[in-house]
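Engineer: For reference, the structure I am asking about is given below.
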Amino acid sequence: MNTSQPKTVSLVLGSGGARGLAHIGVIHVLEEKGYKITSIAGCSAGALVGGIYAAGKLAEYETWVRGVKKFDMVNMVDIAWQGGGLVKGDRIIAQMIKLVGDRQIEDLPIRFTAVATELESGREVWLSEGPLFDAIRSSCSLPLFFTPAKYKEKMLVDGGVVNPVPIAPVFDDHTDLTLAVNLGGKPVYESPPESRKTIGAAEVAYLVFDAMQSTIARQKLAAYPPDLTIEIPRNVARTFDIYRAAEIIELGRRAAEASLP
């Protein structure tokens with residue numbers, strides 16, 4: 001950009017499991033092109049990457065996640081024997097706090113909102129104060145996999161259940177550009193997908209949740225269109241493909257370079 005003053009950006013980072021690593025590539029391109037991110041709203045994986053960036057620790061997180069191997073994923077799992085989910089998530093959050101520190105959202109240099117879902121009412125909940133990783137853990141509580149998070153007497157699950165691309169928290173921003181990254185974009189195939197006679201229950205659940213999120217995201221983006229949307233195809237990575245970090249980050253970079261002026 002050939003301007004003396006950086007353009008300010010309200011950045012909306014959507015949910016999508018490991019595809020959220022594409023957010024890192026998008027952020028790199030924004031910075032390289034001279035944009036200044038002054039506000040972030042994130043859901044699930046978008047809350048994780050957005051919150052860490054708002055805390056000024058994205059480089060440390062990227063270095064760590066690029067080093068994660070497939071076997072390492074097993075060591076991050078702490079089984080929950082009760083509580084409405086398979087995994088407690090304490091080990092993962094402890095690792096993130098080790099990288100970033102135990103930060104308060106209101107002390108971050110960039111305004112940040114994580115979006116979660118109240119389990120009983122189904123209402124969207126905005127988390128913009130208090131411990132950063134309490135908010136991130138709540139926003140990332142993938143139903144049936146992670147146990148619901150207790151936050152101020154509410155039981156919260158993944159924000160992607162009701163709002164996978166949370167535009168509304170940045171409505172009142174006075175920035176030059178509102179940019180949304182949707183991780184539920186139209187699937188792409190190098191060749192036609194194979195027809196399969198059998199499919200496992202876990203894969204059915206994954207595909208159903210992904211399709212549901214993609215539909216809701218399209219509706220939200222149509223109702224409240226941002227200035228620019230970057231689409232990441234929803235079939236480029238599965239929820240727990242974190243060990244493919246380098247590939248997914250590069251995918252986000254390419255998508256941003258193709259979309260941003």
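For the structure tokens, the naming scheme is as follows: chains receive sequential letters (A, B, ...) according to their order of presentation, residues are indexed from 1 within each chain, and ligands are indexed from 1 in presentation order.
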How close does region 1-72 of chain A get to region 229-234 of chain A? List, as JSON lines, each residue of region 1-72 of chain A within 10 Å, its nearest atom pair and the distance in Å to one decimal, counting only C-alpha atoms.

Structural biologist:
```
{"residue": "A:Val12", "atom": "CA", "partner": "A:Thr229", "partner_atom": "CA", "distance": 9.2}
{"residue": "A:Leu13", "atom": "CA", "partner": "A:Ile230", "partner_atom": "CA", "distance": 9.9}
{"residue": "A:Gly14", "atom": "CA", "partner": "A:Ile232", "partner_atom": "CA", "distance": 10.0}
{"residue": "A:Gly16", "atom": "CA", "partner": "A:Arg234", "partner_atom": "CA", "distance": 7.7}
{"residue": "A:Arg19", "atom": "CA", "partner": "A:Arg234", "partner_atom": "CA", "distance": 7.8}
{"residue": "A:Gly20", "atom": "CA", "partner": "A:Ile232", "partner_atom": "CA", "distance": 9.4}
{"residue": "A:Ala22", "atom": "CA", "partner": "A:Ile232", "partner_atom": "CA", "distance": 7.9}
{"residue": "A:His23", "atom": "CA", "partner": "A:Ile232", "partner_atom": "CA", "distance": 9.6}
{"residue": "A:Val26", "atom": "CA", "partner": "A:Ile230", "partner_atom": "CA", "distance": 8.7}
```

Engineer: I'd like the neighbourhood of Pro226 (chain A) as a list in words, where a residue qualifies if any of its atoms comes within 8 Å (using only C-alpha atoms), though same-chain residues fewer than 5 positions away should be ignored.

Structural biologist: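 Answer for this query is Ile167, Thr178, Leu179, Ala180 and Leu221 of chain A.
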
Engineer: One number please: CA of Gln95 (chain A) to CA of Leu58 (chain A), in Å, one decimal.

Structural biologist: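 Between CA of Gln95 (chain A) and CA of Leu58 (chain A) the gap is 13.9 Å.
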
Engineer: Closest to Val188 (chain A) among A:Ala47, A:Val65, A:Val236, A:Ile40, using only C-alpha atoms?

Structural biologist: A:Val236

Engineer: Extract the full set of strand (DSSP E or B) residues from region 82-203 of chain A according to DSSP on the backbone, and format it as number ranges by chain.

Structural biologist: A: 85-87, 104, 111-118, 124-127, 131, 144-146, 149-151, 154-158, 177-185

Engineer: I'd like the neighbourhood of region 89-93 of chain A as a list in words, where a residue qualifies if any of its atoms comes within 10 Å (using only C-alpha atoms), though same-chain residues fewer than 5 positions away should be ignored.

Structural biologist: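 So, after excluding close chain neighbours, the residues are Met73, Asn75, Met76, Val77, Asp78, Ile79, Ala80, Lys98, Leu99, Phe133, Asp134, Ile136, Arg137, Cys140, Ser141, Phe145, Phe146, Thr147, Pro148 and Ala149 of chain A.
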
Engineer: Between CA of Val165 (chain A) and CA of Ser15 (chain A), what distance in Å does the model show, to one decimal?

Structural biologist: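 We find that CA of Val165 (chain A) and CA of Ser15 (chain A) lie 6.8 Å from each other.
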
Engineer: With distances taken over only C-alpha atoms, which of A:Ala168, A:Leu30, A:Leu144, A:Ala245 is nearest to Ala205 (chain A)?

Structural biologist: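 Nearest candidate to Ala205 (chain A) out of A:Ala168, A:Leu30, A:Leu144, A:Ala245: A:Leu144.
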
Engineer: Mind the document's chain letters and residue numbers, and return as a VMD selection string the residues of region 58-199 of chain A that DSSP labels helix (DSSP H, G or I).

Structural biologist: chain A and resid 58 to 66 72 to 75 90 to 100 105 to 107 132 to 139 159 to 161 168 to 170

Engineer: Store the residues picked out above, limited to N, CA and C atoms, as a compact mmCIF listing (two decimals), in the first residue's frame.

Structural biologist:
```txt
# COMPACT_ATOMS: atom_id res chain seq x y z
N LEU A 58 1.67 -14.18 18.59
CA LEU A 58 1.39 -15.07 17.46
C LEU A 58 2.65 -15.77 16.96
N ALA A 59 3.79 -15.08 16.98
CA ALA A 59 5.04 -15.69 16.51
C ALA A 59 5.40 -16.91 17.35
N GLU A 60 5.24 -16.79 18.66
CA GLU A 60 5.55 -17.92 19.55
C GLU A 60 4.60 -19.08 19.30
N TYR A 61 3.32 -18.77 19.11
CA TYR A 61 2.35 -19.83 18.84
C TYR A 61 2.64 -20.50 17.50
N GLU A 62 2.95 -19.70 16.49
CA GLU A 62 3.23 -20.28 15.17
C GLU A 62 4.44 -21.21 15.22
N THR A 63 5.49 -20.79 15.90
CA THR A 63 6.67 -21.65 16.03
C THR A 63 6.31 -22.96 16.69
N TRP A 64 5.51 -22.89 17.75
CA TRP A 64 5.11 -24.11 18.46
C TRP A 64 4.25 -25.01 17.57
N VAL A 65 3.24 -24.44 16.93
CA VAL A 65 2.29 -25.27 16.19
C VAL A 65 2.92 -25.86 14.94
N ARG A 66 3.89 -25.19 14.35
CA ARG A 66 4.60 -25.76 13.20
C ARG A 66 5.41 -26.99 13.60
N ASP A 72 2.10 -36.15 18.61
CA ASP A 72 1.97 -35.19 19.71
C ASP A 72 0.52 -34.95 20.10
N MET A 73 -0.38 -35.12 19.15
CA MET A 73 -1.79 -34.88 19.43
C MET A 73 -2.31 -35.78 20.56
N VAL A 74 -1.78 -37.00 20.62
CA VAL A 74 -2.21 -37.94 21.66
C VAL A 74 -1.85 -37.41 23.05
N ASN A 75 -0.67 -36.80 23.17
CA ASN A 75 -0.22 -36.31 24.46
C ASN A 75 -0.99 -35.08 24.94
N ASP A 90 -7.73 -29.31 29.45
CA ASP A 90 -6.85 -28.59 30.37
C ASP A 90 -5.40 -28.58 29.89
N ARG A 91 -4.93 -29.69 29.32
CA ARG A 91 -3.54 -29.76 28.87
C ARG A 91 -3.27 -28.77 27.73
N ILE A 92 -4.21 -28.69 26.81
CA ILE A 92 -4.03 -27.77 25.68
C ILE A 92 -4.00 -26.32 26.18
N ILE A 93 -4.94 -25.97 27.06
CA ILE A 93 -4.99 -24.61 27.57
C ILE A 93 -3.75 -24.29 28.39
N ALA A 94 -3.26 -25.26 29.17
CA ALA A 94 -2.04 -25.05 29.95
C ALA A 94 -0.85 -24.76 29.03
N GLN A 95 -0.79 -25.46 27.91
CA GLN A 95 0.29 -25.21 26.95
C GLN A 95 0.18 -23.82 26.35
N MET A 96 -1.04 -23.37 26.06
CA MET A 96 -1.24 -22.04 25.50
C MET A 96 -0.87 -20.95 26.51
N ILE A 97 -1.23 -21.17 27.78
CA ILE A 97 -0.87 -20.19 28.82
C ILE A 97 0.64 -20.14 28.99
N LYS A 98 1.30 -21.27 28.86
CA LYS A 98 2.76 -21.30 28.94
C LYS A 98 3.39 -20.46 27.83
N LEU A 99 2.78 -20.50 26.65
CA LEU A 99 3.30 -19.73 25.51
C LEU A 99 2.98 -18.24 25.61
N VAL A 100 1.78 -17.93 26.06
CA VAL A 100 1.24 -16.57 25.96
C VAL A 100 1.26 -15.82 27.29
N ILE A 105 -8.33 -10.06 29.09
CA ILE A 105 -8.72 -9.52 27.79
C ILE A 105 -8.68 -7.99 27.79
N GLU A 106 -9.16 -7.37 28.87
CA GLU A 106 -9.22 -5.91 28.90
C GLU A 106 -7.85 -5.25 28.92
N ASP A 107 -6.79 -6.03 29.16
CA ASP A 107 -5.43 -5.48 29.17
C ASP A 107 -4.71 -5.65 27.83
N LEU A 132 -8.19 -14.36 29.41
CA LEU A 132 -8.20 -14.62 27.97
C LEU A 132 -8.49 -16.07 27.66
N PHE A 133 -7.83 -16.98 28.36
CA PHE A 133 -7.97 -18.39 27.99
C PHE A 133 -9.22 -19.04 28.55
N ASP A 134 -9.88 -18.40 29.51
CA ASP A 134 -11.23 -18.85 29.88
C ASP A 134 -12.18 -18.58 28.72
N ALA A 135 -12.03 -17.42 28.10
CA ALA A 135 -12.89 -17.07 26.96
C ALA A 135 -12.59 -17.96 25.76
N ILE A 136 -11.32 -18.19 25.50
CA ILE A 136 -10.94 -19.03 24.35
C ILE A 136 -11.41 -20.46 24.56
N ARG A 137 -11.21 -20.98 25.76
CA ARG A 137 -11.65 -22.36 26.06
C ARG A 137 -13.16 -22.48 25.86
N SER A 138 -13.90 -21.48 26.29
CA SER A 138 -15.36 -21.51 26.12
C SER A 138 -15.74 -21.51 24.65
N SER A 139 -15.09 -20.66 23.87
CA SER A 139 -15.41 -20.53 22.46
C SER A 139 -15.04 -21.78 21.67
N GLY A 159 -18.77 -21.52 19.88
CA GLY A 159 -19.56 -20.45 19.28
C GLY A 159 -20.03 -20.75 17.88
N GLY A 160 -19.35 -21.69 17.21
CA GLY A 160 -19.73 -22.04 15.86
C GLY A 160 -21.09 -22.69 15.75
N VAL A 161 -21.65 -23.13 16.89
CA VAL A 161 -22.99 -23.72 16.88
C VAL A 161 -24.02 -22.70 16.41
N ALA A 168 -21.05 -9.33 14.17
CA ALA A 168 -21.72 -8.32 15.01
C ALA A 168 -20.82 -7.65 16.06
N PRO A 169 -19.88 -8.35 16.71
CA PRO A 169 -19.08 -7.67 17.72
C PRO A 169 -18.23 -6.50 17.21
N VAL A 170 -18.03 -6.41 15.90
CA VAL A 170 -17.22 -5.30 15.37
C VAL A 170 -18.07 -4.24 14.68
```

Engineer: Between A:Pro6, A:Cys43, A:His174, A:Met212, which residue has the minimum interatomic distance to Asp158 (chain A), considering only C-alpha atoms?

Structural biologist: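 Between A:Pro6, A:Cys43, A:His174, A:Met212, the residue approaching Asp158 (chain A) most closely is A:Cys43.
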